[in-house]
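Trainee: Pasting a structure below so you can have a look.
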Amino acid sequence: FWGTLLAVIMAVPLAILGAANLTPHPAVRFVARGLVSFCRAIPELISALFLVLAYGFGPVAGVLALAIHSAGFLGKFYAEDIENADRKPQEALRAIGANRLKVLRFAILPQVAPQYVAYTLYVLDRNVRMATVIGLVGGGGIGQELKGRYDMFNYGHVGTILVAIFLLVLALDQVSSRVRRSIL
């Protein structure tokens, strides 16, 4: 959850700065898109290994690893949706003197909000599953518990943890479906 929340907080400004229709300066767009690509290019597992070295074993390294990669994924898709939004409402608002922030708020966000919710819920679902893998390398969370129980040959606990992960992913899928239905 925290990795996804941090990813959204990082991705939204990067997407706004990386969208051609909101950021007129090409250098700003290039830097924002470069940061998004950099974040997306580093797999969570690799960044988790380096973050474990920096922050030690525990959840901080895992949360940051998930947040960095997810911010790259979300930043790319958020920016593309901003650029692909219907231009007619944007032009109408600009014609009456609206600034970029108002165009974003009243012309673009209503169009892209359902997709943003869908992307974010997908990333949350993915991060729940990836947290298990990240924990295996010392990134904290349920994966670290799973590895510890596996190393102690405590397969009953391993099975229970796997069932709990499955139930959590299933519950997230149900919540995701309901949220999407309520928005659409």
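Chain identifiers are assigned as A, B, and so on, following the order in which chains appear in the structure tokens; residues are numbered from 1 within each chain, and ligands are numbered from 1 in order of appearance.
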Would you list the contacts of segment 3-17 of chain A as a PDB file with N, CA, C and O atoms, in the first residue's frame, taking every protein, DNA or RNA residue within 7 Å and counting only C-alpha atoms, but skipping same-chain residues closer than 6 positions in sequence?
Mentor:
ATOM      1  N   THR A  23       3.153  21.014 -20.570  1.00  0.00           N
ATOM      2  CA  THR A  23       4.488  21.555 -20.314  1.00  0.00           C
ATOM      3  C   THR A  23       5.090  22.000 -21.638  1.00  0.00           C
ATOM      4  O   THR A  23       5.544  21.162 -22.426  1.00  0.00           O
ATOM      5  N   VAL A  28      12.084  20.625 -19.867  1.00  0.00           N
ATOM      6  CA  VAL A  28      11.364  20.143 -18.688  1.00  0.00           C
ATOM      7  C   VAL A  28      10.713  18.796 -19.001  1.00  0.00           C
ATOM      8  O   VAL A  28      10.780  17.856 -18.206  1.00  0.00           O
ATOM      9  N   ARG A  29      10.093  18.712 -20.182  1.00  0.00           N
ATOM     10  CA  ARG A  29       9.486  17.447 -20.606  1.00  0.00           C
ATOM     11  C   ARG A  29      10.529  16.341 -20.699  1.00  0.00           C
ATOM     12  O   ARG A  29      10.290  15.215 -20.261  1.00  0.00           O
ATOM     13  N   ALA A  32      11.557  15.207 -17.158  1.00  0.00           N
ATOM     14  CA  ALA A  32      10.471  14.450 -16.516  1.00  0.00           C
ATOM     15  C   ALA A  32      10.336  13.068 -17.144  1.00  0.00           C
ATOM     16  O   ALA A  32      10.242  12.057 -16.433  1.00  0.00           O
ATOM     17  N   VAL A  63       9.456  -0.872   0.485  1.00  0.00           N
ATOM     18  CA  VAL A  63       8.495   0.162   0.094  1.00  0.00           C
ATOM     19  C   VAL A  63       9.107   1.079  -0.955  1.00  0.00           C
ATOM     20  O   VAL A  63       8.468   1.393  -1.969  1.00  0.00           O
ATOM     21  N   LEU A  64      10.336   1.504  -0.739  1.00  0.00           N
ATOM     22  CA  LEU A  64      10.986   2.394  -1.706  1.00  0.00           C
ATOM     23  C   LEU A  64      11.217   1.713  -3.044  1.00  0.00           C
ATOM     24  O   LEU A  64      11.055   2.333  -4.097  1.00  0.00           O
ATOM     25  N   LEU A  66       9.428  -0.684  -4.409  1.00  0.00           N
ATOM     26  CA  LEU A  66       8.134  -0.749  -5.091  1.00  0.00           C
ATOM     27  C   LEU A  66       7.703   0.634  -5.583  1.00  0.00           C
ATOM     28  O   LEU A  66       7.181   0.775  -6.686  1.00  0.00           O
ATOM     29  N   ALA A  67       7.921   1.655  -4.764  1.00  0.00           N
ATOM     30  CA  ALA A  67       7.500   3.010  -5.123  1.00  0.00           C
ATOM     31  C   ALA A  67       8.258   3.531  -6.337  1.00  0.00           C
ATOM     32  O   ALA A  67       7.655   4.123  -7.237  1.00  0.00           O
ATOM     33  N   ILE A  68       9.547   3.298  -6.395  1.00  0.00           N
ATOM     34  CA  ILE A  68      10.352   3.825  -7.505  1.00  0.00           C
ATOM     35  C   ILE A  68       9.902   3.218  -8.831  1.00  0.00           C
ATOM     36  O   ILE A  68       9.646   3.926  -9.806  1.00  0.00           O
ATOM     37  N   SER A  70       7.104   1.600  -9.542  1.00  0.00           N
ATOM     38  CA  SER A  70       5.701   1.903  -9.822  1.00  0.00           C
ATOM     39  C   SER A  70       5.508   3.348 -10.269  1.00  0.00           C
ATOM     40  O   SER A  70       4.644   3.638 -11.103  1.00  0.00           O
ATOM     41  N   ALA A  71       6.308   4.271  -9.730  1.00  0.00           N
ATOM     42  CA  ALA A  71       6.226   5.668 -10.156  1.00  0.00           C
ATOM     43  C   ALA A  71       6.593   5.793 -11.633  1.00  0.00           C
ATOM     44  O   ALA A  71       5.990   6.583 -12.369  1.00  0.00           O
ATOM     45  N   GLY A  72       7.553   5.017 -12.077  1.00  0.00           N
ATOM     46  CA  GLY A  72       7.908   5.027 -13.490  1.00  0.00           C
ATOM     47  C   GLY A  72       6.782   4.509 -14.363  1.00  0.00           C
ATOM     48  O   GLY A  72       6.445   5.095 -15.400  1.00  0.00           O
ATOM     49  N   LEU A  74       3.476   4.308 -13.561  1.00  0.00           N
ATOM     50  CA  LEU A  74       2.328   5.210 -13.506  1.00  0.00           C
ATOM     51  C   LEU A  74       2.613   6.539 -14.203  1.00  0.00           C
ATOM     52  O   LEU A  74       1.744   7.085 -14.888  1.00  0.00           O
ATOM     53  N   GLY A  75       3.815   7.068 -14.028  1.00  0.00           N
ATOM     54  CA  GLY A  75       4.171   8.334 -14.668  1.00  0.00           C
ATOM     55  C   GLY A  75       4.046   8.269 -16.178  1.00  0.00           C
ATOM     56  O   GLY A  75       3.546   9.195 -16.822  1.00  0.00           O
ATOM     57  N   LYS A  76       4.482   7.171 -16.753  1.00  0.00           N
ATOM     58  CA  LYS A  76       4.389   6.991 -18.209  1.00  0.00           C
ATOM     59  C   LYS A  76       2.930   6.964 -18.658  1.00  0.00           C
ATOM     60  O   LYS A  76       2.543   7.686 -19.573  1.00  0.00           O
ATOM     61  N   TYR A  78       0.152   7.871 -16.973  1.00  0.00           N
ATOM     62  CA  TYR A  78      -0.564   9.105 -16.648  1.00  0.00           C
ATOM     63  C   TYR A  78      -0.265  10.182 -17.692  1.00  0.00           C
ATOM     64  O   TYR A  78      -1.168  10.868 -18.170  1.00  0.00           O
ATOM     65  N   ALA A  79       1.008  10.359 -18.047  1.00  0.00           N
ATOM     66  CA  ALA A  79       1.393  11.384 -19.027  1.00  0.00           C
ATOM     67  C   ALA A  79       0.777  11.101 -20.390  1.00  0.00           C
ATOM     68  O   ALA A  79       0.289  12.023 -21.068  1.00  0.00           O
ATOM     69  N   VAL A 123      -1.572  -1.383 -10.169  1.00  0.00           N
ATOM     70  CA  VAL A 123      -0.249  -1.287  -9.540  1.00  0.00           C
ATOM     71  C   VAL A 123      -0.323  -1.739  -8.084  1.00  0.00           C
ATOM     72  O   VAL A 123       0.586  -2.415  -7.593  1.00  0.00           O
ATOM     73  N   LEU A 124      -1.391  -1.399  -7.378  1.00  0.00           N
ATOM     74  CA  LEU A 124      -1.551  -1.862  -6.002  1.00  0.00           C
ATOM     75  C   LEU A 124      -1.605  -3.390  -5.959  1.00  0.00           C
ATOM     76  O   LEU A 124      -0.917  -4.021  -5.149  1.00  0.00           O
TER      77      LEU A 124
END
Trainee: Check segment 24-183 of chain A with DSSP on the backbone and list each residue it calls alpha helix (DSSP H), as number ranges by chain.
Mentor: A: 26-41, 44-55, 59-84, 87-95, 100-103, 109-136, 142-151, 155-183
Trainee: May I ask which of the residues A:Glu80, A:Glu145, A:Asp86, A:Asp173 is the closest one to Pro110 of chain A, counting only C-alpha atoms?
Mentor: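 Under the stated criterion, the closest residue is A:Asp86.
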Trainee: Of the candidates A:Ala118, A:Val60, A:Tyr155, A:Val163, which shows the shortest atom-to-atom distance to Val175 of chain A, using only C-alpha atoms?
Mentor: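 Smallest distance to Val175 of chain A is found for A:Ala118.
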Trainee: Kindly give the distance, in Å, that separates atom CA of Gln144 of chain A and atom CA of Thr120 of chain A, rounded to a single decimal.
Mentor: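 Interatomic distance here is 24.8 Å.
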Trainee: Between atom CA of Ile96 of chain A and atom CA of Pro26 of chain A, measure the distance and give it in Å to one decimal.
Mentor: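 It comes out at 25.6 Å.
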Trainee: Just the number, please: distance in Å from atom CA of Val169 of chain A to atom CA of Phe38 of chain A, one decimal.
Mentor: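 Answer for the atom CA of Val169 of chain A to atom CA of Phe38 of chain A separation: 28.0 Å.
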Trainee: Of the residues A:Leu35, A:Val117, A:Pro89, A:Lys102, which is the one nearest to Ser177 of chain A, using only C-alpha atoms?
Mentor: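 Among A:Leu35, A:Val117, A:Pro89, A:Lys102, it is A:Val117 that comes nearest to Ser177 of chain A.
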Trainee: A:Tyr150, A:Tyr119, A:Phe166, A:Phe50: which is nearest Phe73 of chain A, counting only C-alpha atoms?
Mentor: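 Checking each of A:Tyr150, A:Tyr119, A:Phe166, A:Phe50 against Phe73 of chain A, counting only C-alpha atoms, the winner is A:Tyr119.
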